[in-house]
Amino acid sequence: METGEIVIYQAQDGQTSIDVRLEKETIWLRREQIAQLFDRERSVITKHINNVFKEKELSRESNVQNLHIANSDRPVAFFSLDVIISVGYRVKSPKGTQFRIWANTILKEYLVKGYTVNEKRLEEQSQQLEQLKQTVKLLGNVLENHPLNSDQASGLLKVITDYTYALDVLDQYDHQVLEIRETTKDEFFRISYEEAMAAINELREKFGGSSLFGNEKDESFQGSLAAIYQTFGGEDLYRSVEEKAAHLLYFVIKNHSFSDGNKRIAAFLFVWFLEKNKLLYKEDGSRRIADNALVALTLMIAESKPEEMEMMVKVVVNLINLRN
């Protein structure tokens, strides 16, 4: 149930229409509205409300709340459904029965709705928490199997802190900083095998790689490139540029298509692909994924298990789209 949500009560006679406040899992009306509901003078309603509390039928503390409303320079008292029903019995108004039936129906609808929303939120948070745990586990594998310098270790830390920040597991972080729905659909560049191999050859020449660097062992590299553009039902399976980039990084690392340099080639193609699609830099000119974070991601993917592919891709997409 949303805080302060308003619904309209329409009496059966069609003459009475009241804006009813839903809050704290019950219904609230002002003194004037209760008078209107039961067609009694305000002074009569005030007397009965006072008696309800004086006779300790109900507790004032849990059944009255003072709220600010429009066109009022001071807080106004609102009374709960229990108070409204008690007053209805005291004034012996048949309208009280009608209102009680309506109110119980409305409350049931909103409580069920609220339960459904909360259950879905808990399920989503549970899934996010499991992803976070898997990410932490992968980080542990990297630290255990690879001696890292301080810069690489900082990259690992940045990956986990950025991704944790995005999860919003406990509502202590900014909400929905990273969202898959905000990915980019417009492509400025589609990577081809010929262009990719030309770029890899330039990379070898520029950095003096060995003759084995970029040497294809089989045709799996072509398969990796084809995989990011595979379709289903006439539509791209990976619909966004970010998802294509993440899968490109993953496939090139995991397929071991080259005799030497698989991780370096994968990282280079990933950056090149993002740059060609105008996603490498944020609006302030900084890189979306810093070099040390890219090293960490590359190592994490290399250490990951096949069944962890979806989770790893999601991590990469989220980091590309980190807004801060």
# chains A, B, ... in the order shown; residues from 1 in each chain; ligands from 1
>>> select_by_dssp(residues="region 14-68 of chain A", states="strand (DSSP E)", output="PyMOL selection string")
chain A and resi 17-23+26-30+64-67
>>> residues_around(residues="Glu187 (chain A)", least_positions_apart="4", cutoff="9 Å", atoms="only C-alpha atoms", output="list in words")
Ser240, Val241, Asn277 and Lys278 of chain A
>>> closest_atom_pairs(of="region 15-71 of chain A", to="region 87-91 of chain A", cutoff="9 Å", atoms="only C-alpha atoms", output="CSV")
residue,atom,partner,partner_atom,distance
A:Ile34,CA,A:Val87,CA,8.5
A:Phe38,CA,A:Gly88,CA,7.0
A:Arg40,CA,A:Val91,CA,8.2
A:Val44,CA,A:Val91,CA,8.6
A:Ile45,CA,A:Val87,CA,7.2
A:His48,CA,A:Val87,CA,6.0
A:Ile49,CA,A:Val87,CA,6.5
A:Val52,CA,A:Val87,CA,7.7
>>> residues_around(residues="Trp28 (chain A)", least_positions_apart="6", cutoff="9 Å", atoms="only C-alpha atoms", output="list in words")
Val20, Arg21, Leu22, Asn63, Val64, Gln65, Phe78, Phe79, Ser80, Leu81 and Ile84 of chain A
>>> write_last_selection(atoms="N, CA and C atoms", output="tab-separated table (two decimals), in the first residue's frame")
chain	number	residue	atom	x	y	z
A	20	VAL	N	-10.81	9.37	0.24
A	20	VAL	CA	-10.38	8.55	1.37
A	20	VAL	C	-8.87	8.31	1.28
A	21	ARG	N	-8.19	8.48	2.41
A	21	ARG	CA	-6.73	8.31	2.45
A	21	ARG	C	-6.38	6.89	2.88
A	22	LEU	N	-5.49	6.24	2.11
A	22	LEU	CA	-4.99	4.91	2.44
A	22	LEU	C	-3.56	5.03	2.94
A	63	ASN	N	-4.61	5.45	16.49
A	63	ASN	CA	-5.78	5.66	15.62
A	63	ASN	C	-5.97	7.10	15.19
A	64	VAL	N	-5.01	7.95	15.54
A	64	VAL	CA	-5.06	9.35	15.11
A	64	VAL	C	-3.69	9.73	14.58
A	65	GLN	N	-3.67	10.40	13.42
A	65	GLN	CA	-2.41	10.94	12.92
A	65	GLN	C	-2.64	12.34	12.38
A	78	PHE	N	-6.42	13.09	11.37
A	78	PHE	CA	-7.08	12.05	10.60
A	78	PHE	C	-7.35	10.88	11.54
A	79	PHE	N	-8.51	10.22	11.33
A	79	PHE	CA	-8.92	9.12	12.21
A	79	PHE	C	-9.00	7.83	11.41
A	80	SER	N	-8.61	6.73	12.06
A	80	SER	CA	-8.51	5.43	11.39
A	80	SER	C	-9.89	4.83	11.13
A	81	LEU	N	-9.90	3.74	10.36
A	81	LEU	CA	-11.14	3.04	10.05
A	81	LEU	C	-11.82	2.54	11.31
A	84	ILE	N	-13.75	5.34	12.71
A	84	ILE	CA	-14.89	5.63	11.84
A	84	ILE	C	-16.03	4.64	12.09
>>> closest_residue(among="A:Leu58, A:Ala70, A:Ala245, A:Ile320", to="Lys276 (chain A)", atoms="only C-alpha atoms")
A:Ala245
>>> closest_residue(among="A:Phe273, A:Ile27, A:Leu249, A:Phe258", to="Glu195 (chain A)", atoms="only C-alpha atoms")
A:Phe273
>>> residues_around(residues="Arg100 (chain A)", least_positions_apart="2", cutoff="10 Å", atoms="only C-alpha atoms", output="ChimeraX atom specification")
/A:81-82,84-85,88,95-98,102-106
>>> residues_around(residues="Tyr281 (chain A)", least_positions_apart="6", cutoff="12 Å", atoms="only C-alpha atoms", output="ChimeraX atom specification")
/A:271-272,274-275,287-290,320-323
>>> atom_distance(atom1="CA of Glu23 (chain A)", atom2="CA of Val7 (chain A)")
11.1 Å
>>> atom_distance(atom1="CA of Lys92 (chain A)", atom2="CA of Asp19 (chain A)")
22.5 Å
>>> select_by_dssp(residues="region 206-277 of chain A", states="helix (DSSP H, G or I)", output="PyMOL selection string")
chain A and resi 206-207+220-227+241-255+262-276
>>> write_last_selection(atoms="N, CA and C atoms", output="short mmCIF file (atom, residue, chain, number, x, y, z; two decimals), in the first residue's frame")
data_model
loop_
_atom_site.label_atom_id
_atom_site.label_comp_id
_atom_site.auth_asym_id
_atom_site.auth_seq_id
_atom_site.Cartn_x
_atom_site.Cartn_y
_atom_site.Cartn_z
N LYS A 206 52.17 -3.28 -33.59
CA LYS A 206 52.39 -2.09 -32.76
C LYS A 206 53.10 -2.43 -31.47
N PHE A 207 52.74 -3.56 -30.87
CA PHE A 207 53.31 -3.91 -29.57
C PHE A 207 54.35 -5.04 -29.65
N SER A 220 37.10 -20.96 -34.64
CA SER A 220 36.22 -20.58 -33.53
C SER A 220 36.09 -19.06 -33.38
N PHE A 221 37.11 -18.30 -33.80
CA PHE A 221 37.00 -16.84 -33.70
C PHE A 221 35.89 -16.32 -34.60
N GLN A 222 35.80 -16.86 -35.81
CA GLN A 222 34.69 -16.48 -36.69
C GLN A 222 33.35 -16.83 -36.04
N GLY A 223 33.33 -17.97 -35.35
CA GLY A 223 32.12 -18.37 -34.65
C GLY A 223 31.77 -17.41 -33.53
N SER A 224 32.78 -16.90 -32.83
CA SER A 224 32.54 -15.94 -31.75
C SER A 224 31.89 -14.67 -32.29
N LEU A 225 32.41 -14.18 -33.41
CA LEU A 225 31.86 -12.96 -34.00
C LEU A 225 30.44 -13.19 -34.51
N ALA A 226 30.24 -14.36 -35.11
CA ALA A 226 28.89 -14.66 -35.62
C ALA A 226 27.89 -14.80 -34.48
N ALA A 227 28.38 -15.30 -33.33
CA ALA A 227 27.48 -15.56 -32.20
C ALA A 227 26.85 -14.30 -31.64
N VAL A 241 23.76 -2.93 -27.89
CA VAL A 241 25.18 -2.84 -28.16
C VAL A 241 25.98 -3.34 -26.96
N GLU A 242 25.52 -2.98 -25.75
CA GLU A 242 26.23 -3.40 -24.54
C GLU A 242 26.26 -4.92 -24.39
N GLU A 243 25.14 -5.58 -24.69
CA GLU A 243 25.09 -7.04 -24.60
C GLU A 243 26.00 -7.68 -25.64
N LYS A 244 26.04 -7.10 -26.83
CA LYS A 244 26.93 -7.62 -27.87
C LYS A 244 28.39 -7.47 -27.44
N ALA A 245 28.72 -6.31 -26.87
CA ALA A 245 30.09 -6.07 -26.43
C ALA A 245 30.49 -7.04 -25.32
N ALA A 246 29.58 -7.26 -24.37
CA ALA A 246 29.87 -8.17 -23.26
C ALA A 246 30.07 -9.60 -23.76
N HIS A 247 29.23 -10.03 -24.69
CA HIS A 247 29.38 -11.38 -25.24
C HIS A 247 30.63 -11.50 -26.09
N LEU A 248 30.99 -10.44 -26.80
CA LEU A 248 32.24 -10.45 -27.58
C LEU A 248 33.42 -10.69 -26.65
N LEU A 249 33.48 -9.95 -25.54
CA LEU A 249 34.56 -10.14 -24.57
C LEU A 249 34.57 -11.56 -24.03
N TYR A 250 33.40 -12.04 -23.68
CA TYR A 250 33.29 -13.39 -23.10
C TYR A 250 33.70 -14.47 -24.09
N PHE A 251 33.13 -14.42 -25.30
CA PHE A 251 33.39 -15.50 -26.27
C PHE A 251 34.86 -15.57 -26.68
N VAL A 252 35.48 -14.41 -26.91
CA VAL A 252 36.88 -14.42 -27.35
C VAL A 252 37.80 -14.95 -26.26
N ILE A 253 37.48 -14.61 -25.00
CA ILE A 253 38.28 -15.13 -23.90
C ILE A 253 38.10 -16.64 -23.74
N LYS A 254 36.86 -17.10 -23.75
CA LYS A 254 36.58 -18.49 -23.39
C LYS A 254 36.84 -19.47 -24.53
N ASN A 255 36.79 -19.00 -25.77
CA ASN A 255 36.95 -19.94 -26.89
C ASN A 255 38.42 -20.25 -27.21
N ASN A 262 45.01 -14.47 -26.18
CA ASN A 262 43.54 -14.49 -26.19
C ASN A 262 42.93 -13.40 -25.30
N LYS A 263 43.44 -13.25 -24.07
CA LYS A 263 42.87 -12.25 -23.16
C LYS A 263 43.13 -10.83 -23.67
N ARG A 264 44.37 -10.58 -24.14
CA ARG A 264 44.69 -9.24 -24.64
C ARG A 264 43.87 -8.91 -25.88
N ILE A 265 43.70 -9.87 -26.75
CA ILE A 265 42.90 -9.65 -27.96
C ILE A 265 41.45 -9.38 -27.59
N ALA A 266 40.93 -10.16 -26.67
CA ALA A 266 39.54 -9.97 -26.25
C ALA A 266 39.32 -8.59 -25.66
N ALA A 267 40.24 -8.15 -24.77
CA ALA A 267 40.11 -6.83 -24.15
C ALA A 267 40.22 -5.73 -25.20
N PHE A 268 41.16 -5.90 -26.15
CA PHE A 268 41.33 -4.90 -27.20
C PHE A 268 40.07 -4.80 -28.07
N LEU A 269 39.54 -5.94 -28.51
CA LEU A 269 38.36 -5.92 -29.36
C LEU A 269 37.15 -5.33 -28.63
N PHE A 270 37.04 -5.63 -27.34
CA PHE A 270 35.96 -5.08 -26.51
C PHE A 270 36.01 -3.56 -26.49
N VAL A 271 37.20 -3.01 -26.22
CA VAL A 271 37.36 -1.55 -26.19
C VAL A 271 37.13 -0.95 -27.57
N TRP A 272 37.68 -1.59 -28.58
CA TRP A 272 37.53 -1.12 -29.97
C TRP A 272 36.06 -1.10 -30.37
N PHE A 273 35.35 -2.16 -30.04
CA PHE A 273 33.92 -2.27 -30.36
C PHE A 273 33.12 -1.16 -29.67
N LEU A 274 33.40 -0.91 -28.40
CA LEU A 274 32.70 0.15 -27.67
C LEU A 274 33.00 1.52 -28.28
N GLU A 275 34.29 1.74 -28.63
CA GLU A 275 34.67 3.04 -29.20
C GLU A 275 33.98 3.27 -30.54
N LYS A 276 33.94 2.25 -31.37
CA LYS A 276 33.30 2.37 -32.68
C LYS A 276 31.80 2.63 -32.54
#
>>> closest_residue(among="A:His256, A:Arg31, A:Val76, A:Gly261", to="Lys47 (chain A)", atoms="only C-alpha atoms")
A:Arg31
>>> closest_residue(among="A:Gly214, A:Pro75, A:Gly233, A:Gly285", to="Ser257 (chain A)", atoms="only C-alpha atoms")
A:Gly214
